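Below is entry39.cif, which holds mmCIF, C-alpha atoms, pLDDT in the B column; chains and numbers go by the auth columns.
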```
data_query
#
loop_
_atom_site.group_PDB
_atom_site.id
_atom_site.type_symbol
_atom_site.label_atom_id
_atom_site.label_comp_id
_atom_site.label_asym_id
_atom_site.label_seq_id
_atom_site.Cartn_x
_atom_site.Cartn_y
_atom_site.Cartn_z
_atom_site.B_iso_or_equiv
_atom_site.auth_seq_id
_atom_site.auth_asym_id
ATOM 1 C CA MET A 1 16.715 -0.406 4.255 92.00 1 O
ATOM 2 C CA ARG A 2 14.963 -3.041 2.184 95.00 2 O
ATOM 3 C CA THR A 3 14.897 -3.161 -1.623 96.00 3 O
ATOM 4 C CA TYR A 4 12.581 -4.886 -4.076 96.00 4 O
ATOM 5 C CA LEU A 5 13.032 -5.427 -7.802 96.00 5 O
ATOM 6 C CA ARG A 6 10.402 -4.755 -10.460 95.00 6 O
ATOM 7 C CA ASN A 7 7.382 -7.121 -10.179 94.00 7 O
ATOM 8 C CA GLU A 8 8.689 -8.533 -6.887 96.00 8 O
ATOM 9 C CA ILE A 9 5.934 -9.209 -4.365 95.00 9 O
ATOM 10 C CA ILE A 10 6.142 -6.927 -1.332 95.00 10 O
ATOM 11 C CA ILE A 11 3.498 -8.806 0.640 93.00 11 O
ATOM 12 C CA THR A 12 0.875 -11.422 -0.192 94.00 12 O
ATOM 13 C CA LYS A 13 -2.883 -11.239 0.330 94.00 13 O
ATOM 14 C CA ASN A 14 -4.098 -12.090 3.861 93.00 14 O
ATOM 15 C CA ALA A 15 -0.614 -11.680 5.353 93.00 15 O
ATOM 16 C CA TYR A 16 -0.515 -10.482 8.966 93.00 16 O
ATOM 17 C CA ILE A 17 0.295 -6.762 9.263 92.00 17 O
ATOM 18 C CA ASN A 18 2.531 -5.765 12.165 91.00 18 O
ATOM 19 C CA GLN A 19 4.684 -3.241 10.270 93.00 19 O
ATOM 20 C CA ILE A 20 4.241 -0.363 7.861 93.00 20 O
ATOM 21 C CA PHE A 21 6.502 0.252 4.885 95.00 21 O
ATOM 22 C CA LYS A 22 7.798 3.758 4.140 95.00 22 O
ATOM 23 C CA ILE A 23 8.683 4.036 0.453 95.00 23 O
ATOM 24 C CA ILE A 24 11.898 5.966 -0.130 96.00 24 O
ATOM 25 C CA LYS A 25 12.183 5.266 -3.866 95.00 25 O
ATOM 26 C CA GLY A 26 9.954 3.577 -6.424 93.00 26 O
ATOM 27 C CA HIS A 27 6.282 2.694 -6.698 92.00 27 O
ATOM 28 C CA ILE A 28 4.117 -0.085 -5.286 92.00 28 O
ATOM 29 C CA GLN A 29 0.713 -1.163 -6.592 90.00 29 O
ATOM 30 C CA ASN A 30 -1.854 -3.637 -5.361 90.00 30 O
ATOM 31 C CA LYS A 31 -2.720 -6.582 -7.608 90.00 31 O
ATOM 32 C CA LYS A 32 -6.203 -5.209 -8.346 85.00 32 O
ATOM 33 C CA GLY A 33 -4.593 -2.026 -9.670 78.00 33 O
ATOM 34 C CA THR A 34 -6.747 0.235 -7.510 76.00 34 O
ATOM 35 C CA GLU A 35 -4.004 1.609 -5.262 81.00 35 O
ATOM 36 C CA LEU A 36 -0.691 3.186 -6.195 82.00 36 O
ATOM 37 C CA TYR A 37 1.938 4.236 -3.658 87.00 37 O
ATOM 38 C CA GLY A 38 4.997 6.361 -4.456 86.00 38 O
ATOM 39 C CA PRO A 39 7.955 7.931 -2.662 89.00 39 O
ATOM 40 C CA ASN A 40 7.194 9.155 0.885 87.00 40 O
ATOM 41 C CA SER A 41 4.041 7.018 1.018 89.00 41 O
ATOM 42 C CA TYR A 42 3.338 4.619 3.845 91.00 42 O
ATOM 43 C CA LEU A 43 2.034 1.184 2.933 90.00 43 O
ATOM 44 C CA PHE A 44 -0.437 -0.299 5.481 89.00 44 O
ATOM 45 C CA LEU A 45 -0.534 2.779 7.737 86.00 45 O
ATOM 46 C CA ASP A 46 -4.236 3.026 6.936 81.00 46 O
ATOM 47 C CA GLN A 47 -4.804 -0.673 7.765 84.00 47 O
ATOM 48 C CA ILE A 48 -2.504 -1.528 10.663 84.00 48 O
ATOM 49 C CA PHE A 49 -4.841 -0.281 13.402 79.00 49 O
ATOM 50 C CA TYR A 50 -8.138 -1.723 12.247 79.00 50 O
ATOM 51 C CA HIS A 51 -7.476 -4.616 9.866 78.00 51 O
ATOM 52 C CA SER A 52 -4.759 -7.084 10.847 84.00 52 O
ATOM 53 C CA PHE A 53 -4.437 -8.774 7.454 91.00 53 O
ATOM 54 C CA THR A 54 -3.639 -7.414 3.995 90.00 54 O
ATOM 55 C CA LEU A 55 -6.590 -7.012 1.685 87.00 55 O
ATOM 56 C CA ASP A 56 -4.623 -7.661 -1.500 92.00 56 O
ATOM 57 C CA GLU A 57 -1.208 -8.622 -2.857 95.00 57 O
ATOM 58 C CA TYR A 58 1.231 -5.717 -3.289 95.00 58 O
ATOM 59 C CA TYR A 59 4.148 -5.669 -5.717 94.00 59 O
ATOM 60 C CA ALA A 60 6.902 -3.342 -6.910 95.00 60 O
ATOM 61 C CA LEU A 61 6.218 -1.513 -10.179 91.00 61 O
ATOM 62 C CA ASP A 62 9.884 -0.571 -10.465 92.00 62 O
ATOM 63 C CA PHE A 63 12.954 -0.672 -8.213 96.00 63 O
ATOM 64 C CA VAL A 64 11.640 0.041 -4.706 96.00 64 O
ATOM 65 C CA SER A 65 13.603 0.868 -1.590 97.00 65 O
ATOM 66 C CA GLY A 66 12.207 1.696 1.799 96.00 66 O
ATOM 67 C CA GLU A 67 12.095 0.826 5.432 96.00 67 O
ATOM 68 C CA TRP A 68 9.804 -1.392 7.481 96.00 68 O
ATOM 69 C CA ILE A 69 8.607 0.243 10.706 94.00 69 O
ATOM 70 C CA ASP A 70 7.279 -1.907 13.557 93.00 70 O
ATOM 71 C CA LYS A 71 3.802 -1.209 14.924 89.00 71 O
ATOM 72 C CA GLU A 72 5.303 -0.424 18.355 90.00 72 O
ATOM 73 C CA ASP A 73 7.409 2.366 16.806 91.00 73 O
ATOM 74 C CA ILE A 74 4.403 4.220 15.376 88.00 74 O
ATOM 75 C CA ASP A 75 3.831 7.325 17.453 87.00 75 O
ATOM 76 C CA ILE A 76 1.394 10.240 17.335 87.00 76 O
ATOM 77 C CA SER A 77 3.384 11.977 14.553 85.00 77 O
ATOM 78 C CA TYR A 78 2.086 9.352 12.091 85.00 78 O
ATOM 79 C CA PHE A 79 -1.520 10.443 12.622 84.00 79 O
ATOM 80 C CA SER A 80 -1.049 13.634 10.571 85.00 80 O
ATOM 81 C CA ILE A 81 0.329 11.438 7.762 85.00 81 O
ATOM 82 C CA LEU A 82 -2.683 9.146 8.131 83.00 82 O
ATOM 83 C CA SER A 83 -5.032 12.132 7.994 84.00 83 O
ATOM 84 C CA LYS A 84 -3.403 13.331 4.764 83.00 84 O
ATOM 85 C CA MET A 85 -3.680 9.813 3.297 82.00 85 O
ATOM 86 C CA TYR A 86 -7.417 9.727 4.042 82.00 86 O
ATOM 87 C CA GLN A 87 -7.870 13.135 2.399 85.00 87 O
ATOM 88 C CA GLU A 88 -6.036 11.894 -0.706 83.00 88 O
ATOM 89 C CA LYS A 89 -8.236 8.750 -0.799 83.00 89 O
ATOM 90 C CA LYS A 90 -11.346 10.936 -0.479 89.00 90 O
ATOM 91 C CA ASN A 91 -10.127 13.124 -3.345 89.00 91 O
ATOM 92 C CA GLN A 92 -9.381 10.089 -5.524 87.00 92 O
ATOM 93 C CA ALA A 93 -12.815 8.600 -4.807 89.00 93 O
ATOM 94 C CA GLU A 94 -14.388 11.903 -5.838 92.00 94 O
ATOM 95 C CA LEU A 95 -12.313 11.961 -9.032 93.00 95 O
ATOM 96 C CA LEU A 96 -13.292 8.412 -9.950 89.00 96 O
ATOM 97 C CA LEU A 97 -16.981 9.315 -9.828 92.00 97 O
ATOM 98 C CA ILE A 98 -16.517 11.935 -12.566 94.00 98 O
ATOM 99 C CA GLN A 99 -17.324 10.733 -16.098 93.00 99 O
ATOM 100 C CA SER A 100 -15.908 13.621 -18.162 94.00 100 O
ATOM 101 C CA SER A 101 -12.149 13.230 -18.642 95.00 101 O
ATOM 102 C CA ILE A 102 -11.636 17.021 -18.918 95.00 102 O
ATOM 103 C CA THR A 103 -13.521 17.654 -15.668 96.00 103 O
ATOM 104 C CA LYS A 104 -11.645 14.810 -13.946 96.00 104 O
ATOM 105 C CA ILE A 105 -8.236 16.114 -15.043 96.00 105 O
ATOM 106 C CA ALA A 106 -9.112 19.709 -14.163 96.00 106 O
ATOM 107 C CA ARG A 107 -10.360 18.629 -10.729 96.00 107 O
ATOM 108 C CA TYR A 108 -7.146 16.644 -10.143 95.00 108 O
ATOM 109 C CA PHE A 109 -5.025 19.719 -10.882 96.00 109 O
ATOM 110 C CA TYR A 110 -7.329 21.913 -8.818 96.00 110 O
ATOM 111 C CA PHE A 111 -6.859 19.511 -5.867 94.00 111 O
ATOM 112 C CA GLU A 112 -3.088 19.681 -6.405 91.00 112 O
ATOM 113 C CA TYR A 113 -3.309 23.485 -6.347 94.00 113 O
ATOM 114 C CA ILE A 114 -5.274 23.372 -3.069 91.00 114 O
ATOM 115 C CA ASN A 115 -2.971 20.759 -1.473 84.00 115 O
ATOM 116 C CA ASN A 116 0.296 22.410 -2.526 81.00 116 O
ATOM 117 C CA LYS A 117 -0.944 25.976 -1.898 88.00 117 O
ATOM 118 C CA THR A 118 0.925 27.110 -4.993 91.00 118 O
ATOM 119 C CA GLU A 119 0.254 27.523 -8.701 94.00 119 O
ATOM 120 C CA SER A 120 3.488 25.753 -9.644 92.00 120 O
ATOM 121 C CA PHE A 121 4.228 22.175 -8.562 87.00 121 O
ATOM 122 C CA TYR A 122 5.757 18.892 -9.656 89.00 122 O
ATOM 123 C CA VAL A 123 3.615 15.841 -10.323 88.00 123 O
ATOM 124 C CA THR A 124 5.752 12.911 -9.231 81.00 124 O
ATOM 125 C CA LEU A 125 3.645 10.343 -11.079 82.00 125 O
ATOM 126 C CA SER A 126 4.444 9.438 -14.681 85.00 126 O
ATOM 127 C CA ILE A 127 1.732 9.822 -17.340 88.00 127 O
ATOM 128 C CA SER A 128 1.052 6.070 -17.088 86.00 128 O
ATOM 129 C CA GLU A 129 0.782 6.197 -13.292 85.00 129 O
ATOM 130 C CA LEU A 130 -1.437 9.288 -13.378 90.00 130 O
ATOM 131 C CA ALA A 131 -3.660 7.597 -15.959 91.00 131 O
ATOM 132 C CA ILE A 132 -4.001 4.581 -13.640 86.00 132 O
ATOM 133 C CA TYR A 133 -4.736 6.867 -10.686 86.00 133 O
ATOM 134 C CA LEU A 134 -7.485 8.685 -12.622 92.00 134 O
ATOM 135 C CA ARG A 135 -8.730 5.537 -14.421 90.00 135 O
ATOM 136 C CA LEU A 136 -8.175 7.094 -17.821 93.00 136 O
ATOM 137 C CA SER A 137 -6.287 5.873 -20.849 94.00 137 O
ATOM 138 C CA LYS A 138 -2.943 7.548 -21.493 94.00 138 O
ATOM 139 C CA LEU A 139 -4.464 9.053 -24.654 96.00 139 O
ATOM 140 C CA GLU A 140 -7.417 10.561 -22.741 96.00 140 O
ATOM 141 C CA LEU A 141 -5.037 11.994 -20.155 96.00 141 O
ATOM 142 C CA SER A 142 -2.641 13.453 -22.738 95.00 142 O
ATOM 143 C CA GLU A 143 -5.502 14.963 -24.756 96.00 143 O
ATOM 144 C CA GLY A 144 -7.050 16.416 -21.589 96.00 144 O
ATOM 145 C CA ILE A 145 -3.793 18.056 -20.545 96.00 145 O
ATOM 146 C CA LYS A 146 -3.290 19.411 -24.083 96.00 146 O
ATOM 147 C CA PHE A 147 -6.849 20.805 -24.016 97.00 147 O
ATOM 148 C CA LEU A 148 -6.155 22.662 -20.745 97.00 148 O
ATOM 149 C CA GLU A 149 -2.873 23.925 -22.200 97.00 149 O
ATOM 150 C CA SER A 150 -4.647 25.158 -25.354 97.00 150 O
ATOM 151 C CA LYS A 151 -7.103 27.113 -23.177 96.00 151 O
ATOM 152 C CA MET A 152 -4.113 28.726 -21.395 97.00 152 O
ATOM 153 C CA ILE A 153 -5.175 27.185 -18.081 96.00 153 O
ATOM 154 C CA LEU A 154 -2.155 24.903 -17.570 96.00 154 O
ATOM 155 C CA ALA A 155 1.438 24.934 -18.721 95.00 155 O
ATOM 156 C CA LYS A 156 3.476 21.725 -18.586 93.00 156 O
ATOM 157 C CA HIS A 157 7.265 21.469 -18.551 91.00 157 O
ATOM 158 C CA ASN A 158 8.135 17.773 -18.091 89.00 158 O
ATOM 159 C CA LYS A 159 6.821 17.031 -14.559 88.00 159 O
ATOM 160 C CA LEU A 160 6.449 20.696 -13.605 92.00 160 O
ATOM 161 C CA PHE A 161 2.937 22.078 -13.970 95.00 161 O
ATOM 162 C CA ASN A 162 1.998 25.744 -13.767 95.00 162 O
ATOM 163 C CA ILE A 163 -1.579 26.846 -13.332 96.00 163 O
ATOM 164 C CA LEU A 164 -1.977 29.935 -15.474 95.00 164 O
ATOM 165 C CA ASN A 165 -5.627 30.653 -14.678 96.00 165 O
ATOM 166 C CA VAL A 166 -6.944 29.323 -11.363 95.00 166 O
ATOM 167 C CA LYS A 167 -10.507 30.620 -11.926 96.00 167 O
ATOM 168 C CA GLN A 168 -10.782 28.883 -15.312 96.00 168 O
ATOM 169 C CA LEU A 169 -9.307 25.682 -13.851 96.00 169 O
ATOM 170 C CA GLU A 170 -11.908 25.770 -11.070 95.00 170 O
ATOM 171 C CA THR A 171 -14.659 26.349 -13.657 95.00 171 O
ATOM 172 C CA TYR A 172 -13.617 23.260 -15.643 95.00 172 O
ATOM 173 C CA ALA A 173 -13.059 21.265 -12.438 95.00 173 O
ATOM 174 C CA TYR A 174 -16.643 21.786 -11.287 94.00 174 O
ATOM 175 C CA MET A 175 -18.490 21.664 -14.589 92.00 175 O
ATOM 176 C CA PRO A 176 -21.649 19.528 -14.532 87.00 176 O
ATOM 177 C CA ASP A 177 -20.711 15.948 -15.393 72.00 177 O
ATOM 178 C CA ASP A 178 -21.979 14.521 -18.675 61.00 178 O
#
```

Rewrite the structure of this file - the entire thing - as C-alpha cells.
Amino acid sequence: MRTYLRNEIIITKNAYINQIFKIIKGHIQNKKGTELYGPNSYLFLDQIFYHSFTLDEYYALDFVSGEWIDKEDIDISYFSILSKMYQEKKNQAELLLIQSSITKIARYFYFEYINNKTESFYVTLSISELAIYLRLSKLELSEGIKFLESKMILAKHNKLFNILNVKQLETYAYMPDD
C-alpha cells in the first residue's frame, strides 16, 4: 500500500508507465485539471497498453492511498473495468459539449440513474469535484441541483440523491441545448 499527501506528485509528465495505480482512498487529478480519479479508480489502465508514457503530471488532491499493480499482473478481469472507464469518459465528453447547466446536470444524474440501475444512489464526489467534472462553477451546480429539487425531480440528502421523477429528469436531460 502506498500513500500520498495532499498536493504530492503521483507521477510526472512523460514518465514511463509499467504499472497502474488502484486508488483505495482519496482523489487524484491531472495538472491540466481535465481528469479526476476517485476511490476504486485505476490510474493509467487506459494508457498502459497503447501509450508508454504519461500524458500529464498527476497529483493527490487529498490524502491518497492505493496500490501499484505491475503490467504483468493485469489479467482479463481488468478489461471490464477498462470498458466501464471508456463509457464514463464517453459520458463526460457528451456532458462537456452541453452548454445549458440545467441540461448538463440533469443529463449527469440521468447517466447515474442508468449506470446504477436505481433511483437512489450516492455521489462520491464533493460539490467542488462534481463542478470540476462538469466544468461548471460551484454556484451553477448548486443552483442547478436546487432547480431540479424545486421541480420535484431530485431530492438530495448530503451525498445521497433520489430521483423522484425519472421521466421529467429525462426530459430536462435531453432538452435542446441553448

(request) For O:His51, work out the shell of residues within 12 Å, counting all atoms listed in the file and skipping chain neighbours fewer than 3 positions away, then give it as an NGL selection string. (result) :O and (14-18 or 44-48 or 54-55)

(message) If the PyMOL selection byres ((chain O and resi 123) around 7) were run on this exact file, what residues would it hold? Put them as number ranges by chain.
(response) O: 121-122, 124-125, 159-160

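Excluding stretch 126-136 of chain O and any residue on its chain fewer than 5 positions from it, the residues at most 9 Å away by only C-alpha atoms are Gly33, Thr34, Glu35, Leu36, Gln92, Leu95, Leu96, Ser101, Lys104, Ile105, Tyr108, Leu141, Ser142 and Lys159 of chain O.
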
(request) Could you tell me which of O:Thr118, O:Gln29, O:Gln99, O:Asn158 comes closest to O:Ser41 if we count only C-alpha atoms? (result)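 Of the candidates, the smallest distance to O:Ser41 is held by O:Gln29.
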
(request) Have a look at O:Thr12, O:Tyr59, O:Lys90, O:Ile102 and name the one nearest to O:Glu140; count all atoms listed in the file. (result) O:Ile102

(request) Pick out the residues sitting within 7 Å of stretch 68-71 of chain O, and hand them over as a PyMOL selection string; count all atoms listed in the file, and ignore anything fewer than 3 positions along from it in its own chain. (result) chain O and resi 18-22+74

Decode the PyMOL selection byres ((chain O and resi 173-176) around 10) for the given file into explicit residues and return them as a CSV table (one decimal) with C-alpha atoms, keeping the file's coordinate frame.
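File out20.csv, as written:
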```csv
chain,number,residue,atom,x,y,z
O,95,LEU,CA,-12.3,12.0,-9.0
O,98,ILE,CA,-16.5,11.9,-12.6
O,99,GLN,CA,-17.3,10.7,-16.1
O,100,SER,CA,-15.9,13.6,-18.2
O,102,ILE,CA,-11.6,17.0,-18.9
O,103,THR,CA,-13.5,17.7,-15.7
O,104,LYS,CA,-11.6,14.8,-13.9
O,105,ILE,CA,-8.2,16.1,-15.0
O,106,ALA,CA,-9.1,19.7,-14.2
O,107,ARG,CA,-10.4,18.6,-10.7
O,108,TYR,CA,-7.1,16.6,-10.1
O,109,PHE,CA,-5.0,19.7,-10.9
O,110,TYR,CA,-7.3,21.9,-8.8
O,111,PHE,CA,-6.9,19.5,-5.9
O,167,LYS,CA,-10.5,30.6,-11.9
O,168,GLN,CA,-10.8,28.9,-15.3
O,169,LEU,CA,-9.3,25.7,-13.9
O,170,GLU,CA,-11.9,25.8,-11.1
O,171,THR,CA,-14.7,26.3,-13.7
O,172,TYR,CA,-13.6,23.3,-15.6
O,177,ASP,CA,-20.7,15.9,-15.4
O,178,ASP,CA,-22.0,14.5,-18.7
```
